[in-house]
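Trainee: Can you read through this structure? Questions will come right after.
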Amino acid sequence: MSDRHFAHWPHLLPRHLTVPATHLYRNIEVSAMRYPDKAALVFYDSVLSYARLQDETERLAAHLQQACGVRKGDRVLLYMQNSPQFVIGYYAILRADAVVVPVNPMNLTEELRHYVDDAGARTILAAQDLFAQVRPLLREGRAAADDDAQAPGLRHSVVAAYGDYLTAPTDLPVPAFVAAPRESVDEPGAVAWCDALAAGLHPAPLAAGPDDLAVMPYTSGTTGHPKGCMHTHRSVMYNAVAGTQWLNTQQDAVTLVVLPLFHVTAMQGGMNGSLYAGATIVLLPRWDRDAAAQLIGRYRVTGTQMIVTMVVDLLSNPRLGEYDFSSIRRLSGGGAAMPEAVATRLQELCRLDYLEGYGMSETMAATHINPPQRPMKQCLGIPIFDVDARVVDPATLAELPPGEVGEIIVHGPQVMQGYWGQPEATAAAFVTLNGKRFLRTGDLARADEHGYFYMVDRLKRMINASGFKVWPAEVEALMYAHPAIQEVCVIAARDARRGETVKAVVVLREAFRGKVTEQEIADWAHGHMAAYKSPRLVQFVDALPKSGTGKVQWRALQDSEATSAP
């Protein structure tokens with residue numbers, strides 16, 4: 001392990017971090033005890049105090065235990081946009097000693113089915129605008145239960161209406177799906193969120209400990225099947241606390257959360273860390289540059305996370321000069337390198353540096369962050385507390401000297417236990433060196449003479465579209481459901497706005513040639529998978545390039561696309 005980065009370690013911070021060896025839910029209890037009347041959440045000018053946050057998590061946890069039969073270690077899906085209900089639901093699942101399985105709200109029924117089946121989930125917390133995707137699975141699960149009580153599948157759903165938490169007048173632009181009035185819930189097995197709380201039940205005492213599973217975010221790999229990353233209360237706690245220490249998030253901080261909470265970046269940096277500190281969270285369900293700017297000025301936001309495309313959109317706003325950003329002390333992000341021209345404009349217009357970091361679902365967010373007093377542009381940063389990160393030769397695993405490109409491997413307290421139910425994938429993801437267990441990230445990088453890490457490329461076959469990770473094999477597996485598709489290979493195409501976008505190279509079945517268009521395939525895909533992963537470009541070809549063993553040579557197509565793109 002190199003110690004070069006210690007020369008640029010944040011001032012006054014220790015190199016080792018001691019975190020509470022407790023259940024993650026204790027953070028809510030402590031903050032509610034310390035700051036009962038303080039705003040925990042702000043949602044379009046409606047405020048939820050810490051005392052109310054704790055009370056509602058307790059009541060919902062009791063409903064999960066007593067009405068849904070949730071037991072210690074059960075996996076419960078959380079399927080909604082950024083909202084008070086997401087935060088309450090997350091901590092209610094933890095309070096019930098269950099495991100949070102956050103699901104991207106852009107996923108449709110067939111994608112959701114994998115989470116239900118793989119995690120063995122019986123219960124889901126869902127927003128009413130997404131319940132149409134849940135209903136078929138709930139009906140299937142309950143029908144199966146009629147024949148066999150032990151059969152897998154969904155049994156219960158709590159359905160939330162975002163508008164229930166709009167309790168104060170606002171002049172902010174509220175999206176229609178947020179403002180929509182509560183709809184009646186008449187599906188067997190489903191209950192309205194407000195009814196679950198109104199029962200006034202009390203949960204059983206906490207039974208889980210720091211080494212029990214707490215959160216299981218899903219990530220995808222080259223196999224095309226999303227895998228659950230097993231995180232304990234201890235590993236989630238570690239990065240929640242580490243982020244607050246590194247970025248100096250204190251109880252009077254105000255955090256704007258606009259990145260999606262189902263993803264570990266906002267989950268940790270925006271939600272869990274803020275609640276641990278007793279800070280205030282200002283929630284925005286979807287990106288809206290004017291609403292974000294208004295909220296920053298109105299609530300004197302001190303810190304926020306944005307991906308590059310959000311920053312670009314914010315800076316291109318012709319009304320930018322009307323807003324007050326003087327309270328912001330920290331603007332951070334990751335997922336894609338910030339172009340230097342954009343970083344320069346951000347500094348000129350807003351007097352802000354963009355603080356980049358690096359992490360994965362497998363590490364429950366950051367393993368690297370730029371030191372606030374010396375951030376570098378287009379840089380992943382340096383390893384944070386207790387993280388041993390190395391750049392190694394992917395073949396020999398020998399550590400490489402500064403400047404040489406290799407694979408990042410990481411060892412640290414925030415690294416997952418492994419992939420849920422996938423011992424072979426877990427074994428392939430880790431390597432032991434000198435008695436330390438390292439995660440192989442699959443990312444290629446170089447470290448400079450000062451210990452800063454810089455991304456170069458990816459070993460894994462992944463497309464980065466506006467910060468969303470898209471795994472081609474997963475998209476291919478979904479596209480094969482179209483009757484006209486004989487073969488398909490998904491690659492990345494350049495996109496001026498998204499950085500990369502998804503392109504499908506398709507071989508049609510003989511009977512459909514000349515009878516279906518590229519746009520029709522793209523439209524079909526958009527209706528059958530999340531928008532961020534559905535191919536925006538489709539190209540018909542007579543055949544896909546293949547190796548001698550018959551494997552599709554996706555890299556040849558990718559290279560061809562890269563050389564032909566303007």
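By order of appearance in the structure tokens: chains A, B, ..., then residues from 1 within every chain, and ligands from 1 in the order shown.
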Tell me, as a PyMOL selection string, which residues lie within 8 Å of segment 399-415 of chain A, counting only C-alpha atoms; anything in the same chain fewer than 3 positions away does not count.
Mentor: chain A and resi 231+234-236+238-239+362-364+367+386-394+436-449+451+456+459
Trainee: Those same residues - N, CA and C atoms - I'd like them written as a tab-separated table (two decimals), in the first residue's frame.
Mentor:
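File result_1.tsv, as written:
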chain	number	residue	atom	x	y	z
A	231	HIS	N	-24.56	-5.84	2.24
A	231	HIS	CA	-23.94	-4.90	3.17
A	231	HIS	C	-24.54	-5.03	4.55
A	234	ARG	N	-22.68	-2.55	9.78
A	234	ARG	CA	-21.34	-2.02	10.00
A	234	ARG	C	-20.77	-1.38	8.74
A	235	SER	N	-20.92	-2.03	7.59
A	235	SER	CA	-20.32	-1.47	6.37
A	235	SER	C	-21.09	-0.23	5.90
A	236	VAL	N	-22.41	-0.22	6.08
A	236	VAL	CA	-23.18	0.97	5.72
A	236	VAL	C	-22.85	2.11	6.68
A	238	TYR	N	-20.14	2.62	8.22
A	238	TYR	CA	-18.79	3.13	8.01
A	238	TYR	C	-18.76	4.28	7.00
A	239	ASN	N	-19.35	4.05	5.84
A	239	ASN	CA	-19.29	5.10	4.83
A	239	ASN	C	-20.22	6.26	5.14
A	362	GLU	N	-20.78	-2.10	-4.61
A	362	GLU	CA	-20.05	-3.10	-3.83
A	362	GLU	C	-19.31	-2.51	-2.64
A	363	THR	N	-19.08	-1.18	-2.67
A	363	THR	CA	-18.39	-0.52	-1.56
A	363	THR	C	-19.30	0.47	-0.84
A	364	MET	N	-20.57	0.42	-1.10
A	364	MET	CA	-21.55	1.28	-0.45
A	364	MET	C	-21.15	2.75	-0.55
A	367	THR	N	-14.88	5.03	-1.89
A	367	THR	CA	-13.61	4.56	-1.34
A	367	THR	C	-12.53	5.62	-1.55
A	386	ASP	N	-8.87	4.27	6.28
A	386	ASP	CA	-8.74	2.81	6.40
A	386	ASP	C	-8.87	2.05	5.09
A	387	VAL	N	-8.82	2.75	3.96
A	387	VAL	CA	-8.92	2.08	2.66
A	387	VAL	C	-7.52	1.84	2.10
A	388	ASP	N	-7.27	0.61	1.75
A	388	ASP	CA	-6.05	0.24	1.04
A	388	ASP	C	-6.44	0.04	-0.42
A	389	ALA	N	-6.09	0.99	-1.27
A	389	ALA	CA	-6.42	0.93	-2.69
A	389	ALA	C	-5.12	0.86	-3.49
A	390	ARG	N	-5.11	-0.02	-4.47
A	390	ARG	CA	-3.90	-0.21	-5.26
A	390	ARG	C	-4.25	-0.28	-6.75
A	391	VAL	N	-3.30	0.09	-7.57
A	391	VAL	CA	-3.40	-0.12	-9.01
A	391	VAL	C	-2.48	-1.28	-9.34
A	392	VAL	N	-3.08	-2.36	-9.86
A	392	VAL	CA	-2.30	-3.58	-10.07
A	392	VAL	C	-2.41	-4.05	-11.52
A	393	ASP	N	-1.46	-4.86	-11.90
A	393	ASP	CA	-1.54	-5.53	-13.20
A	393	ASP	C	-2.71	-6.50	-13.16
A	394	PRO	N	-3.68	-6.38	-14.08
A	394	PRO	CA	-4.87	-7.26	-14.02
A	394	PRO	C	-4.55	-8.74	-14.11
A	436	LYS	N	-4.95	-9.88	3.10
A	436	LYS	CA	-6.03	-8.91	2.96
A	436	LYS	C	-6.93	-9.28	1.79
A	437	ARG	N	-8.23	-9.14	2.01
A	437	ARG	CA	-9.21	-9.45	0.98
A	437	ARG	C	-9.53	-8.18	0.19
A	438	PHE	N	-9.20	-8.17	-1.09
A	438	PHE	CA	-9.40	-7.02	-1.95
A	438	PHE	C	-10.54	-7.28	-2.94
A	439	LEU	N	-11.34	-6.25	-3.18
A	439	LEU	CA	-12.35	-6.28	-4.24
A	439	LEU	C	-11.71	-5.87	-5.55
A	440	ARG	N	-11.91	-6.68	-6.57
A	440	ARG	CA	-11.48	-6.31	-7.92
A	440	ARG	C	-12.57	-5.45	-8.54
A	441	THR	N	-12.28	-4.19	-8.79
A	441	THR	CA	-13.31	-3.26	-9.27
A	441	THR	C	-13.60	-3.40	-10.75
A	442	GLY	N	-12.64	-3.91	-11.51
A	442	GLY	CA	-12.81	-3.97	-12.96
A	442	GLY	C	-12.58	-2.63	-13.64
A	443	ASP	N	-12.16	-1.62	-12.89
A	443	ASP	CA	-11.90	-0.30	-13.45
A	443	ASP	C	-10.41	-0.09	-13.63
A	444	LEU	N	-10.03	0.44	-14.78
A	444	LEU	CA	-8.63	0.72	-15.07
A	444	LEU	C	-8.31	2.17	-14.72
A	445	ALA	N	-7.19	2.37	-14.04
A	445	ALA	CA	-6.82	3.71	-13.58
A	445	ALA	C	-5.31	3.79	-13.46
A	446	ARG	N	-4.86	4.99	-13.16
A	446	ARG	CA	-3.46	5.20	-12.82
A	446	ARG	C	-3.42	6.07	-11.56
A	447	ALA	N	-2.40	5.90	-10.79
A	447	ALA	CA	-2.17	6.75	-9.61
A	447	ALA	C	-0.93	7.60	-9.87
A	448	ASP	N	-1.03	8.88	-9.55
A	448	ASP	CA	0.13	9.76	-9.80
A	448	ASP	C	1.11	9.73	-8.63
A	449	GLU	N	2.15	10.55	-8.74
A	449	GLU	CA	3.21	10.53	-7.73
A	449	GLU	C	2.73	11.06	-6.37
A	451	GLY	N	-0.34	10.19	-5.15
A	451	GLY	CA	-1.31	9.24	-4.61
A	451	GLY	C	-2.73	9.49	-5.04
A	456	VAL	N	-9.11	5.63	-16.22
A	456	VAL	CA	-8.65	5.52	-17.61
A	456	VAL	C	-9.69	4.81	-18.47
A	459	LEU	N	-12.45	-2.41	-17.38
A	459	LEU	CA	-12.33	-3.80	-17.80
A	459	LEU	C	-13.70	-4.39	-18.05
Trainee: Can you check which residues of segment 305-551 of chain A DSSP gives as strand (DSSP E or B) on the backbone and send them as JSON, numbers by chain?
Mentor: {"A": [305, 330, 331, 332, 333, 354, 355, 356, 357, 358, 359, 360, 365, 366, 367, 368, 369, 381, 382, 383, 388, 389, 390, 391, 392, 399, 406, 407, 408, 409, 410, 411, 419, 430, 431, 432, 433, 436, 437, 438, 439, 440, 441, 442, 443, 444, 445, 446, 447, 453, 454, 455, 456, 457, 458, 463, 464, 465, 468, 469, 470, 485, 486, 487, 488, 489, 490, 491, 492, 493, 494, 495, 499, 500, 501, 502, 503, 504, 505, 506, 507, 508, 537, 538, 539, 540, 546]}
Trainee: Identify, on the basis of only C-alpha atoms, every residue whose closest approach to segment 495-508 of chain A does not exceed 7 Å; exclude the query and any residue fewer than 4 positions from it along the same chain; express the result as a short mmCIF file (atom, residue, chain, number, x, y, z; two decimals) with C-alpha atoms, in the first residue's frame.
Mentor:
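As a result, part_16.cif now contains:
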data_model
loop_
_atom_site.label_atom_id
_atom_site.label_comp_id
_atom_site.auth_asym_id
_atom_site.auth_seq_id
_atom_site.Cartn_x
_atom_site.Cartn_y
_atom_site.Cartn_z
CA THR A 309 -25.06 16.46 -16.72
CA ILE A 463 -22.01 1.89 -20.59
CA ASN A 464 -22.13 5.10 -18.56
CA ALA A 465 -25.19 7.08 -19.70
CA SER A 466 -25.56 10.31 -17.71
CA ALA A 484 -38.12 -10.07 -34.81
CA ILE A 485 -34.69 -10.19 -33.19
CA GLN A 486 -32.43 -13.07 -34.10
CA GLU A 487 -29.27 -11.70 -32.57
CA VAL A 488 -28.35 -8.46 -30.81
CA CYS A 489 -25.22 -6.85 -29.45
CA VAL A 490 -25.42 -3.74 -27.30
CA ILE A 491 -22.59 -1.21 -27.33
CA PHE A 512 -39.17 -9.90 -40.40
CA ARG A 513 -36.59 -8.39 -42.73
CA LYS A 533 -31.02 1.54 -20.46
CA SER A 534 -33.26 1.19 -23.52
CA PRO A 535 -31.33 1.62 -26.80
CA ARG A 536 -31.78 5.05 -28.33
CA LEU A 537 -29.98 3.92 -31.46
CA VAL A 538 -30.67 0.73 -33.40
CA GLN A 539 -28.69 -0.50 -36.39
CA PHE A 540 -29.65 -3.47 -38.54
CA VAL A 541 -26.81 -5.65 -39.83
CA ASP A 542 -26.70 -8.93 -41.77
CA ALA A 543 -24.49 -10.65 -39.20
#
Trainee: Quick check, in Å to one decimal: how far apart do atom CA of Arg330 of chain A and atom CA of Gly303 of chain A lie?
Mentor: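 The value is 4.6 Å.
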Trainee: So that each row is one residue of segment 439-473 of chain A with an atom at most 12 Å from segment 251-266 of chain A, can you give its shortest atom pair and the distance in Å to one decimal, using only C-alpha atoms, rows by chain and rising number, as JSON lines?
Mentor:
{"residue": "A:Ser466", "atom": "CA", "partner": "A:Leu259", "partner_atom": "CA", "distance": 11.6}
{"residue": "A:Gly467", "atom": "CA", "partner": "A:Leu259", "partner_atom": "CA", "distance": 10.1}
{"residue": "A:Phe468", "atom": "CA", "partner": "A:His263", "partner_atom": "CA", "distance": 9.6}
{"residue": "A:Lys469", "atom": "CA", "partner": "A:His263", "partner_atom": "CA", "distance": 10.7}
Trainee: Restrict the selected residues to N, CA and C atoms and save them as an mmCIF file, in the first residue's frame.
Mentor:
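Okay, out37.cif is ready:
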data_model
loop_
_atom_site.group_PDB
_atom_site.id
_atom_site.type_symbol
_atom_site.label_atom_id
_atom_site.label_comp_id
_atom_site.auth_asym_id
_atom_site.auth_seq_id
_atom_site.Cartn_x
_atom_site.Cartn_y
_atom_site.Cartn_z
ATOM 1 N N SER A 466 -25.168 9.267 -18.670
ATOM 2 C CA SER A 466 -25.556 10.312 -17.708
ATOM 3 C C SER A 466 -25.379 9.844 -16.268
ATOM 4 N N GLY A 467 -24.350 9.059 -16.007
ATOM 5 C CA GLY A 467 -24.100 8.587 -14.655
ATOM 6 C C GLY A 467 -24.786 7.284 -14.320
ATOM 7 N N PHE A 468 -25.743 6.825 -15.156
ATOM 8 C CA PHE A 468 -26.396 5.532 -14.936
ATOM 9 C C PHE A 468 -25.540 4.429 -15.552
ATOM 10 N N LYS A 469 -25.334 3.370 -14.785
ATOM 11 C CA LYS A 469 -24.590 2.236 -15.310
ATOM 12 C C LYS A 469 -25.550 1.334 -16.095
#
Trainee: Can you work out the spacing between atom CA of Pro84 of chain A and atom CA of Tyr165 of chain A in Å, to one decimal?
Mentor: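 A separation of 7.1 Å between them.
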Trainee: Can you work out the spacing between atom CA of Asp559 of chain A and atom CA of Val308 of chain A in Å, to one decimal?
Mentor: 25.0 Å
Trainee: Find the residues of segment 278-386 of chain A that sit at most 9 Å from segment 171-175 of chain A; for each, write down the nearest two atoms and how far apart they are in Å, to one decimal. Count only C-alpha atoms. Sort by chain, then by number going up, and give it as JSON lines.
Mentor:
{"residue": "A:Pro285", "atom": "CA", "partner": "A:Pro175", "partner_atom": "CA", "distance": 8.8}
{"residue": "A:Arg286", "atom": "CA", "partner": "A:Pro175", "partner_atom": "CA", "distance": 8.7}
{"residue": "A:Asp288", "atom": "CA", "partner": "A:Pro173", "partner_atom": "CA", "distance": 8.7}
{"residue": "A:Asp290", "atom": "CA", "partner": "A:Pro173", "partner_atom": "CA", "distance": 8.6}
{"residue": "A:Ala291", "atom": "CA", "partner": "A:Leu172", "partner_atom": "CA", "distance": 6.3}
{"residue": "A:Gln294", "atom": "CA", "partner": "A:Leu172", "partner_atom": "CA", "distance": 7.9}
{"residue": "A:Leu295", "atom": "CA", "partner": "A:Leu172", "partner_atom": "CA", "distance": 8.6}
Trainee: Write out the residues from the selection above, keeping C-alpha atoms, as a PDB file, in the first residue's frame.
Mentor:
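Below is the file result.pdb, written as the result:
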ATOM      1  CA  PRO A 285     -37.703  13.800  -6.623  1.00  0.00           C
ATOM      2  CA  ARG A 286     -36.381  14.617 -10.086  1.00  0.00           C
ATOM      3  CA  ASP A 288     -35.287  20.497 -12.143  1.00  0.00           C
ATOM      4  CA  ASP A 290     -34.897  26.046 -11.440  1.00  0.00           C
ATOM      5  CA  ALA A 291     -36.385  24.198  -8.481  1.00  0.00           C
ATOM      6  CA  GLN A 294     -34.621  28.056  -5.692  1.00  0.00           C
ATOM      7  CA  LEU A 295     -34.221  25.497  -2.931  1.00  0.00           C
TER       8      LEU A 295
END
Trainee: Enumerate the residues of segment 282-422 of chain A with a DSSP assignment of helix (DSSP H, G or I), computed from the backbone, and present them as a ChimeraX atom specification.
Mentor: /A:289-298,308-315,320-322,340-350,361-363
Trainee: Counting only C-alpha atoms, which of A:Pro423, A:Gly69, A:Pro472, A:Gly273 gets nearest to Leu24 of chain A?
Mentor: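 For Leu24 of chain A, the nearest of the candidates is A:Gly273.
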Trainee: Could you check the closest approach to Gln150 of chain A for each of A:Pro210, A:Pro383, A:Gly120, A:Gly357 and tell me which residue wins, using only C-alpha atoms?
Mentor: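 Counting only C-alpha atoms, the residue closest to Gln150 of chain A is A:Gly120.
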Trainee: Which residue gives the smallest distance to Val241 of chain A among A:Leu64, A:Ala366, A:Ile521, A:Ala556, with only C-alpha atoms counted?
Mentor: A:Ala366
Trainee: Which residues come within 10 Å of Asp55 of chain A, counting only C-alpha atoms, excluding same-chain residues fewer than 6 positions away, as a PyMOL selection string?
Mentor: chain A and resi 29+32+49+61+88+92+197+200+202
Trainee: Write the residues of the preceding selection, restricted to C-alpha atoms, as a tab-separated table (two decimals), in the first residue's frame.
Mentor:
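In the end it all went to out22.tsv:
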chain	number	residue	atom	x	y	z
A	29	GLU	CA	-33.11	7.40	17.46
A	32	ALA	CA	-34.52	12.42	17.16
A	49	SER	CA	-39.30	16.94	12.07
A	61	ALA	CA	-41.98	-1.00	10.93
A	88	ILE	CA	-39.31	6.63	6.22
A	92	ALA	CA	-38.83	1.33	8.75
A	197	LEU	CA	-49.46	4.36	9.78
A	200	GLY	CA	-50.68	2.92	15.41
A	202	HIS	CA	-45.62	-0.72	17.91
Trainee: So that I can see what lies close to segment 371-382 of chain A, please list as a tab-separated table (two decimals) with N, CA and C atoms, in the first residue's frame the residues with an atom at most 9 Å from it, counting only C-alpha atoms and leaving out residues fewer than 2 positions away in the same chain.
Mentor:
chain	number	residue	atom	x	y	z
A	5	HIS	N	-0.46	9.51	-0.65
A	5	HIS	CA	-1.61	10.40	-0.52
A	5	HIS	C	-1.71	11.05	0.85
A	6	PHE	N	-1.01	10.52	1.84
A	6	PHE	CA	-1.11	11.10	3.18
A	6	PHE	C	-0.56	12.53	3.23
A	8	HIS	N	-1.43	14.80	1.42
A	8	HIS	CA	-2.53	15.70	1.07
A	8	HIS	C	-3.80	15.36	1.85
A	9	TRP	N	-3.61	14.69	2.98
A	9	TRP	CA	-4.74	14.29	3.82
A	9	TRP	C	-5.47	15.53	4.35
A	10	PRO	N	-6.81	15.50	4.42
A	10	PRO	CA	-7.55	16.67	4.92
A	10	PRO	C	-7.06	17.10	6.31
A	11	HIS	N	-6.95	18.40	6.49
A	11	HIS	CA	-6.45	18.95	7.74
A	11	HIS	C	-7.31	18.50	8.92
A	246	TRP	N	-15.22	13.47	6.36
A	246	TRP	CA	-14.36	13.97	5.26
A	246	TRP	C	-14.84	15.32	4.76
A	247	LEU	N	-16.17	15.49	4.68
A	247	LEU	CA	-16.75	16.71	4.11
A	247	LEU	C	-17.23	17.69	5.17
A	330	ARG	N	-20.04	22.95	-0.52
A	330	ARG	CA	-19.56	21.72	-1.11
A	330	ARG	C	-20.51	21.25	-2.21
A	334	GLY	N	-19.74	12.23	-8.92
A	334	GLY	CA	-18.90	11.19	-9.48
A	334	GLY	C	-19.64	10.51	-10.61
A	336	ALA	N	-18.83	10.07	-13.64
A	336	ALA	CA	-18.19	10.45	-14.90
A	336	ALA	C	-17.32	11.67	-14.60
A	337	ALA	N	-16.19	11.76	-15.26
A	337	ALA	CA	-15.27	12.87	-15.00
A	337	ALA	C	-15.88	14.20	-15.41
A	338	MET	N	-15.66	15.21	-14.60
A	338	MET	CA	-16.13	16.55	-14.91
A	338	MET	C	-15.21	17.19	-15.96
A	339	PRO	N	-15.73	17.55	-17.14
A	339	PRO	CA	-14.89	18.22	-18.14
A	339	PRO	C	-14.28	19.49	-17.58
A	340	GLU	N	-13.03	19.74	-17.91
A	340	GLU	CA	-12.34	20.88	-17.33
A	340	GLU	C	-13.02	22.20	-17.66
A	343	ALA	N	-15.88	22.63	-15.27
A	343	ALA	CA	-15.37	22.93	-13.93
A	343	ALA	C	-14.91	24.37	-13.83
A	353	ASP	N	-15.73	24.64	-6.42
A	353	ASP	CA	-14.96	23.54	-6.99
A	353	ASP	C	-15.85	22.31	-7.00
A	354	TYR	N	-15.70	21.48	-8.01
A	354	TYR	CA	-16.44	20.22	-8.09
A	354	TYR	C	-15.58	19.14	-7.47
A	355	LEU	N	-16.07	18.58	-6.38
A	355	LEU	CA	-15.30	17.60	-5.62
A	355	LEU	C	-15.69	16.20	-6.09
A	356	GLU	N	-14.79	15.57	-6.83
A	356	GLU	CA	-15.09	14.26	-7.39
A	356	GLU	C	-14.68	13.14	-6.45
A	357	GLY	N	-15.37	12.01	-6.57
A	357	GLY	CA	-15.06	10.83	-5.77
A	357	GLY	C	-15.26	9.58	-6.59
A	358	TYR	N	-15.04	8.44	-5.95
A	358	TYR	CA	-15.14	7.15	-6.64
A	358	TYR	C	-15.65	6.10	-5.66
A	359	GLY	N	-16.59	5.31	-6.13
A	359	GLY	CA	-17.09	4.21	-5.32
A	359	GLY	C	-17.99	3.34	-6.16
A	367	THR	N	-14.88	5.03	-1.89
A	367	THR	CA	-13.61	4.56	-1.34
A	367	THR	C	-12.53	5.62	-1.55
A	368	HIS	N	-12.80	6.54	-2.51
A	368	HIS	CA	-11.88	7.63	-2.82
A	368	HIS	C	-12.68	8.93	-2.89
A	369	ILE	N	-12.12	10.00	-2.35
A	369	ILE	CA	-12.68	11.34	-2.49
A	369	ILE	C	-11.52	12.32	-2.58
A	384	ILE	N	-9.87	7.06	1.16
A	384	ILE	CA	-10.31	7.66	2.42
A	384	ILE	C	-9.89	6.76	3.59
A	389	ALA	N	-6.09	0.99	-1.27
A	389	ALA	CA	-6.42	0.93	-2.69
A	389	ALA	C	-5.12	0.86	-3.49
A	451	GLY	N	-0.34	10.19	-5.15
A	451	GLY	CA	-1.31	9.24	-4.61
A	451	GLY	C	-2.73	9.49	-5.04
A	452	TYR	N	-2.95	10.41	-6.00
A	452	TYR	CA	-4.28	10.65	-6.55
A	452	TYR	C	-4.56	9.62	-7.64
A	453	PHE	N	-5.81	9.17	-7.71
A	453	PHE	CA	-6.22	8.16	-8.70
A	453	PHE	C	-6.98	8.82	-9.85
A	454	TYR	N	-6.70	8.36	-11.07
A	454	TYR	CA	-7.34	8.90	-12.27
A	454	TYR	C	-7.90	7.74	-13.10
A	455	MET	N	-9.19	7.82	-13.41
A	455	MET	CA	-9.83	6.77	-14.23
A	455	MET	C	-9.31	6.82	-15.66
Trainee: So, counting only C-alpha atoms, which residue among A:Trp554, A:Leu478, A:Phe43, A:Arg95 is closest to Arg461 of chain A?
Mentor: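 Using only C-alpha atoms, Arg461 of chain A sits closest to A:Trp554.
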Trainee: Counting only C-alpha atoms, which of A:Ala525, A:Ala492, A:Ala67, A:Val301 gets nearest to Met479 of chain A?
Mentor: A:Ala525
